[in-house]
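What follows is a single structure, written as C-alpha cells, with notes after it.
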Amino acid sequence: MISVKGITKKYGSKTVVDDVSIDIEKGKITSLIGPNGAGKSTVISMITRLLDKNSGEVLLEGDNIFTQPHGELAKKITILKQANHLELKITVRELISFGRFPYSKGRLTDEDEQIIDEAISYMGLKEFEERYIDELSGGQRQRAYIAMTIAQDTEYIFLDEPLNNLDMKHSVQIMQILRRLCRDKNKTIIIVIHDINFASCYSDNIVALKDGKIAISGTANEVITKEVLEGIYEMEINIESICGHRICFYFDGVIEGDSTELAANYLIGNA
Amino acid sequence: MHKNTKMIILLAILAVGLLTFYTLYGLNPDIYFYQMPSRLKRIVAIVIVAVAIAVSTVIFQTIVKNRILTPSIMGLDSVYTFIQTAIVFLAGVSSPLLLNSQYNYFLSMGVLVLFTLFVFKFLFKVTKNNIFLLLLIGIILGTFFGNLSTFMQILISPEDFSILQGTLFGSFNAIDESLLGITGIIVIVMLVFVFKDFHTLDVLSLGRDHALNLGINYDRKVSYLLIIVAILVSVSTALVGPIMFLGLLVVNLAHELLKTFRHSYLILGTALISIITLVIGQMVVQFVFGNNIELSVIINLVGGVYFIYLMLRRNRT
C-alpha cells in the first residue's frame, strides 16, 4: 500500500496542493478526478518523486519513498506523464526496451527480451514494433508508452491522463487493458482522468480533488453521486443507472454563474 | 550488418584515409625531418580536439534536449577571449603568459574550468537545477566577458591588438607538443568516465521525467556530466583556441547520417566526423591557402552557413 500523508505544494505564496492524504489500495484501480487546476497531476508527480514537495510524506509499504535509492524505487513504481513528445529516431521496440533499464542498465538479457515481447503483444503493438515513434498515430504512440511502463514490471503504475487525445475505441481499449493488468497481474493502478464516466465504469476507488484539497475519497459508488459531483464541478449533473453502471449526464447542464447562459437567453428573447 | 555499423566503418576508413593523405601529401625529401613531426603533431592535436568537442557537444545536447545549442553558449569562448585580452592589456604582448604556450595553456585551462565549475556548481543551486535559467545566465556572463574584452581591446595599441587577434582564432599551426600529452591524458580520462554512461545518456535523451522514472538520479547525473563537458571544452579551447561552430556542425551531420538515439553510435560517429572536418579544413588552410588564413575561420564559415540552414529548415517544419 502507498500512504500519502499530508503532502503540500506551494509556488511562492500560492498553495496548489494543500495537505492531501490518500491511502492507495493494493490491486485496485484508483482514479483521481477533479476540475482543471485542482492539483491532480501535481499530486501524482509528488508521489512519484518527479516533483519536490513542501511538506508531507509518502510511504511505500511503510517505508519513506524519498529515502530509497532511485534505482530500486524504479522497480516498484512507475509513472507516465502526459504530453510525451520526443525528437528522437527511436523505434517502438527500442522505446519499450527502456522499461527494462532499472533491471539491466541497458544490457538486455533474454529474460528482458521476453518481457518486452510480452508487453508488445499485451498492447497489440506487434505489427508496429520496428516503426519509428514519430511515424505513429497518437493512439499508437500512447500505447507504446504504456507498453514501456508495463515492461518496467512495477507493482504500482501511475498514469497521468492516459486517455488524452484518444478516440472512444482506443480509450475503451486502454481502460480494459488496465483492468486486465489489475486482475491478471495484481497491479495497482492510479490514473488521472477527466472523463467521469470512464472513472465511474472502470475504477474501484475514486479520489476527487478540488482547489488542491481532497473533496471526497471513497469507492466509485460513494463518489459518483449527484450531490458530490455537482459540488465538485459546480454544474448540473444527472446520474442514470445504465447496464449496472452509473453514468453521468451533464452535456446540457446548467452551469453555475455562467454568463453565456444569460447571453443565450437574452438572444432568444427570454431575458 | 546493421546500417549504422556500416556507416561508422565507412567514416572510420574515410578519417584514416584523410589523415594518411594529409601526412603524406607533397612531402619534400629535403625537409622531411622537419615536415613529418610537424604534421604528426597536428594530427594528434586534431584527433584530441575532435574527440573532445564531439563528446562534449553530444552530451550537452542530450542534456538540454536541443540540437542547435552547443557548450559555447555557456560563454566559454568569451571567457577565453577575456583571458587573452586581459593578459595583453595588463601585462603587455611580451608577457610570458602570452608567449610561453605552457603558461598560457595552464592559465587558460585553469580559469575556464573554474569558471564553468562555478557556473554549474554554484548556479545549479541558485537556479534549483533549472537548466534553461542556467543557460540564460551563461549567455549573460558570456556577453559580459565579451564586452569587457572589447573595452580592453579598444584601449590597447593596434599593433598589440593584431598580435592578440592571432591568439583568438582556433588554429593547429602553433601548438606546443609538450601540451599534447597532458591534454590527451585529460581527454582519455574523461572518455573513460563517459563510456560507463552511454546507456544512461540514452535514457537521459528521453527527458527528465522518464529518466527519473527509470531510476536515474537525474540532478546528480546531469551536474556530473556537465562538469565533464566543461573540462573537455576547456582543454580543447586552451590547446587550439575557440572553434565555435565545429560542434554544432558535426553533431548535426552525425544525426543525419546515423538515424539513431544510441550514444555509442552517436558519440563515435560525431568524433569521426569532426576528425574528417578538421583534417579537410587543415588541408584547405595549408595546401590551398598556404597558411594565410586560420582554420577556425573556415570551420565557422561552413558551420555558420549550416547553422542558418538548420534554422530555416526548423522554421519550415
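By order in the C-alpha cells, chains are A, B, ...; within a chain, residues start at 1; ligands start at 1, following the order shown.
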
Members of range 182-248 of chain A assigned strand (DSSP E or B) by DSSP, as a ChimeraX atom specification: /A:188-192,205-210,213-219,235,238-242,245-248

Can you work out which residues from chain A touch chain B at a cut-off of 6 Å (counting only C-alpha atoms) and hand them back as an mmCIF file with N, CA and C atoms, in the first residue's frame?
```cif
data_model
loop_
_atom_site.group_PDB
_atom_site.id
_atom_site.type_symbol
_atom_site.label_atom_id
_atom_site.label_comp_id
_atom_site.auth_asym_id
_atom_site.auth_seq_id
_atom_site.Cartn_x
_atom_site.Cartn_y
_atom_site.Cartn_z
ATOM 1 N N HIS A 70 17.173 5.663 -6.038
ATOM 2 C CA HIS A 70 16.374 5.852 -7.250
ATOM 3 C C HIS A 70 16.216 4.551 -8.029
ATOM 4 N N GLY A 71 17.313 3.827 -8.169
ATOM 5 C CA GLY A 71 17.297 2.613 -8.985
ATOM 6 C C GLY A 71 16.359 1.552 -8.442
ATOM 7 N N ALA A 74 12.594 2.461 -8.919
ATOM 8 C CA ALA A 74 12.137 2.304 -10.306
ATOM 9 C C ALA A 74 11.661 0.879 -10.587
ATOM 10 N N THR A 78 6.094 3.141 -11.227
ATOM 11 C CA THR A 78 6.392 3.794 -12.497
ATOM 12 C C THR A 78 5.345 4.856 -12.740
ATOM 13 N N LYS A 89 15.076 9.567 -33.052
ATOM 14 C CA LYS A 89 14.852 8.493 -34.003
ATOM 15 C C LYS A 89 14.864 7.197 -33.204
ATOM 16 N N PRO A 102 15.827 -0.200 -15.383
ATOM 17 C CA PRO A 102 16.103 -0.365 -13.951
ATOM 18 C C PRO A 102 16.699 -1.735 -13.614
ATOM 19 N N GLY A 106 20.530 -1.256 -19.505
ATOM 20 C CA GLY A 106 20.827 -1.110 -20.928
ATOM 21 C C GLY A 106 21.372 -2.358 -21.611
#
```

For Ile190 in chain A, please output as an mmCIF file with N, CA and C atoms, in the first residue's frame all residues within 9 Å (counting only C-alpha atoms; exclusion window: fewer than 3 positions along the same chain).
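After the write, out_39.cif holds the following:
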```cif
data_model
loop_
_atom_site.group_PDB
_atom_site.id
_atom_site.type_symbol
_atom_site.label_atom_id
_atom_site.label_comp_id
_atom_site.auth_asym_id
_atom_site.auth_seq_id
_atom_site.Cartn_x
_atom_site.Cartn_y
_atom_site.Cartn_z
ATOM 1 N N ILE A 24 -3.627 4.401 -0.985
ATOM 2 C CA ILE A 24 -3.866 3.740 -2.263
ATOM 3 C C ILE A 24 -3.916 2.241 -2.039
ATOM 4 N N LYS A 28 -5.938 -2.496 -6.913
ATOM 5 C CA LYS A 28 -7.160 -1.816 -7.348
ATOM 6 C C LYS A 28 -6.818 -0.696 -8.324
ATOM 7 N N ILE A 29 -7.863 -0.268 -9.064
ATOM 8 C CA ILE A 29 -7.695 0.928 -9.890
ATOM 9 C C ILE A 29 -8.246 2.118 -9.119
ATOM 10 N N THR A 30 -7.393 3.105 -8.892
ATOM 11 C CA THR A 30 -7.828 4.321 -8.218
ATOM 12 C C THR A 30 -7.766 5.474 -9.211
ATOM 13 N N SER A 31 -8.872 6.202 -9.329
ATOM 14 C CA SER A 31 -8.883 7.345 -10.250
ATOM 15 C C SER A 31 -8.828 8.640 -9.477
ATOM 16 N N LEU A 32 -8.068 9.599 -10.032
ATOM 17 C CA LEU A 32 -8.064 10.957 -9.493
ATOM 18 C C LEU A 32 -8.881 11.821 -10.434
ATOM 19 N N ILE A 44 0.167 13.438 -8.273
ATOM 20 C CA ILE A 44 0.858 12.199 -8.637
ATOM 21 C C ILE A 44 2.332 12.443 -8.976
ATOM 22 N N TYR A 156 3.256 -0.788 -8.794
ATOM 23 C CA TYR A 156 2.395 0.395 -8.860
ATOM 24 C C TYR A 156 2.600 1.108 -10.189
ATOM 25 N N ILE A 157 1.499 1.411 -10.866
ATOM 26 C CA ILE A 157 1.575 2.119 -12.142
ATOM 27 C C ILE A 157 0.752 3.397 -12.042
ATOM 28 N N PHE A 158 1.428 4.541 -12.213
ATOM 29 C CA PHE A 158 0.738 5.832 -12.206
ATOM 30 C C PHE A 158 0.645 6.341 -13.641
ATOM 31 N N LEU A 159 -0.571 6.729 -14.055
ATOM 32 C CA LEU A 159 -0.738 7.257 -15.415
ATOM 33 C C LEU A 159 -1.438 8.606 -15.337
ATOM 34 N N ASP A 160 -0.813 9.608 -15.949
ATOM 35 C CA ASP A 160 -1.382 10.948 -15.936
ATOM 36 C C ASP A 160 -2.168 11.154 -17.233
#
```

Mind checking which residues fall within 9 Å of Lys26 in chain A, counting only C-alpha atoms, ignoring those fewer than 4 positions away in the same chain, and posting them as an mmCIF file with C-alpha atoms, in the first residue's frame?
```cif
data_model
loop_
_atom_site.group_PDB
_atom_site.id
_atom_site.type_symbol
_atom_site.label_atom_id
_atom_site.label_comp_id
_atom_site.auth_asym_id
_atom_site.auth_seq_id
_atom_site.Cartn_x
_atom_site.Cartn_y
_atom_site.Cartn_z
ATOM 1 C CA MET A 1 0.000 0.000 0.000
ATOM 2 C CA ILE A 2 1.066 3.561 -0.651
ATOM 3 C CA GLU A 155 3.707 -3.161 -8.724
ATOM 4 C CA TYR A 156 2.395 0.395 -8.860
ATOM 5 C CA ASN A 186 -2.404 -7.894 -9.491
ATOM 6 C CA LYS A 187 -1.013 -4.459 -10.376
ATOM 7 C CA THR A 188 -2.072 -1.341 -8.529
ATOM 8 C CA ILE A 189 -3.046 1.402 -10.950
#
```

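Compared by their closest atoms to Tyr80 in chain B, and using only C-alpha atoms, the residues B:Asn173, B:Thr237, B:Gln165, B:Gln35 rank with B:Thr237 nearest.
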
Residue contacts of range 263-269 of chain B (7 Å, only C-alpha atoms) excluding same-chain residues fewer than 4 positions away, as a list in words: Ile8, Ala54, Val55, Val58, Phe198, Leu201, Asp202, Ala254 and Ile273 of chain B

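The two atoms in question, CA of Asn238 in chain A and CA of Ser200 in chain A, are spaced 13.4 Å apart.
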
Between CA of Gly231 in chain A and CA of Ser13 in chain A - distance in Å to one decimal: 26.2 Å

d(CA of Arg313 in chain B, CA of Phe60 in chain B) in Å: 21.8 Å

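Distance check against Ser108 in chain B using only C-alpha atoms: of B:Leu76, B:Ile59, B:Ile53, B:Leu148, the minimum falls on B:Leu76.
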
Counting only C-alpha atoms, give me one row per residue of range 166-257 of chain A with an atom at most 9 Å from an atom of range 140-152 of chain A, showing the shortest contact pair and its distance in Å to one decimal, sorted by chain then residue number, as a tab-separated table.
```
residue	atom	partner	partner_atom	distance
A:Leu166	CA	A:Gln142	CA	8.5
A:His170	CA	A:Gln140	CA	8.9
A:Ile174	CA	A:Arg143	CA	7.7
A:Leu181	CA	A:Ile150	CA	8.8
```

Atoms to include: N, CA, C and O atoms. Write the selected residues as a PDB file, in the first residue's frame.
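Saved file result_16.pdb follows:
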```pdb
ATOM      1  N   LEU A 166      -7.238  10.387 -27.217  1.00  0.00           N
ATOM      2  CA  LEU A 166      -7.643   9.099 -27.783  1.00  0.00           C
ATOM      3  C   LEU A 166      -9.130   9.112 -28.118  1.00  0.00           C
ATOM      4  O   LEU A 166      -9.927   9.746 -27.426  1.00  0.00           O
ATOM      5  N   HIS A 170     -10.138   3.560 -28.697  1.00  0.00           N
ATOM      6  CA  HIS A 170      -8.831   3.391 -28.064  1.00  0.00           C
ATOM      7  C   HIS A 170      -8.889   3.640 -26.570  1.00  0.00           C
ATOM      8  O   HIS A 170      -8.168   3.021 -25.803  1.00  0.00           O
ATOM      9  N   ILE A 174      -7.707   0.910 -23.851  1.00  0.00           N
ATOM     10  CA  ILE A 174      -6.699   1.149 -22.815  1.00  0.00           C
ATOM     11  C   ILE A 174      -7.255   0.855 -21.432  1.00  0.00           C
ATOM     12  O   ILE A 174      -6.617   0.202 -20.611  1.00  0.00           O
ATOM     13  N   LEU A 181      -4.648  -5.747 -16.372  1.00  0.00           N
ATOM     14  CA  LEU A 181      -3.388  -5.703 -15.616  1.00  0.00           C
ATOM     15  C   LEU A 181      -3.650  -5.849 -14.122  1.00  0.00           C
ATOM     16  O   LEU A 181      -2.926  -6.521 -13.405  1.00  0.00           O
TER      17      LEU A 181
END
```

Sel. of alpha helix (DSSP H) residues, range 105-214 of chain B, as a ChimeraX atom specification: /B:105-117,123-126,131-155,158-168,177-195,198-204,208-213

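Residues within 12 Å of Ile182 in chain B, counting only C-alpha atoms and excluding same-chain residues fewer than 5 positions away, are Ala45, Ile48, Gln102, Tyr105, Phe106, Met109, Asp176, Glu177, Val187, Ile188, Val189, Val235, Ser236, Ala238 and Leu239 of chain B.
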
Counting only C-alpha atoms, which residues of range 106-179 of chain A fall within 12 Å of range 203-227 of chain A, and what is the closest atom pair for each with its distance in Å at one decimal, ordered by chain and rising number, as JSON lines?
```
{"residue": "A:Met175", "atom": "CA", "partner": "A:Ser203", "partner_atom": "CA", "distance": 9.5}
{"residue": "A:Gln176", "atom": "CA", "partner": "A:Ser203", "partner_atom": "CA", "distance": 11.0}
{"residue": "A:Leu178", "atom": "CA", "partner": "A:Ser203", "partner_atom": "CA", "distance": 10.0}
{"residue": "A:Arg179", "atom": "CA", "partner": "A:Ser203", "partner_atom": "CA", "distance": 8.6}
```

Writer output for current selection, C-alpha atoms, as a CSV table (one decimal), in the first residue's frame:
```csv
chain,number,residue,atom,x,y,z
A,175,MET,CA,-9.1,1.0,-19.9
A,176,GLN,CA,-9.7,-2.7,-20.5
A,178,LEU,CA,-5.6,-1.5,-17.3
A,179,ARG,CA,-8.4,-3.6,-15.8
```

Shell of 9 Å around range 45-61 of chain A, only C-alpha atoms, local chain residues under 2 positions omitted, as a PyMOL selection string: (chain A and resi 1-10+19-21+40-43+63-66+77-79+81+158+160) or (chain B and resi 208-209+212-213)
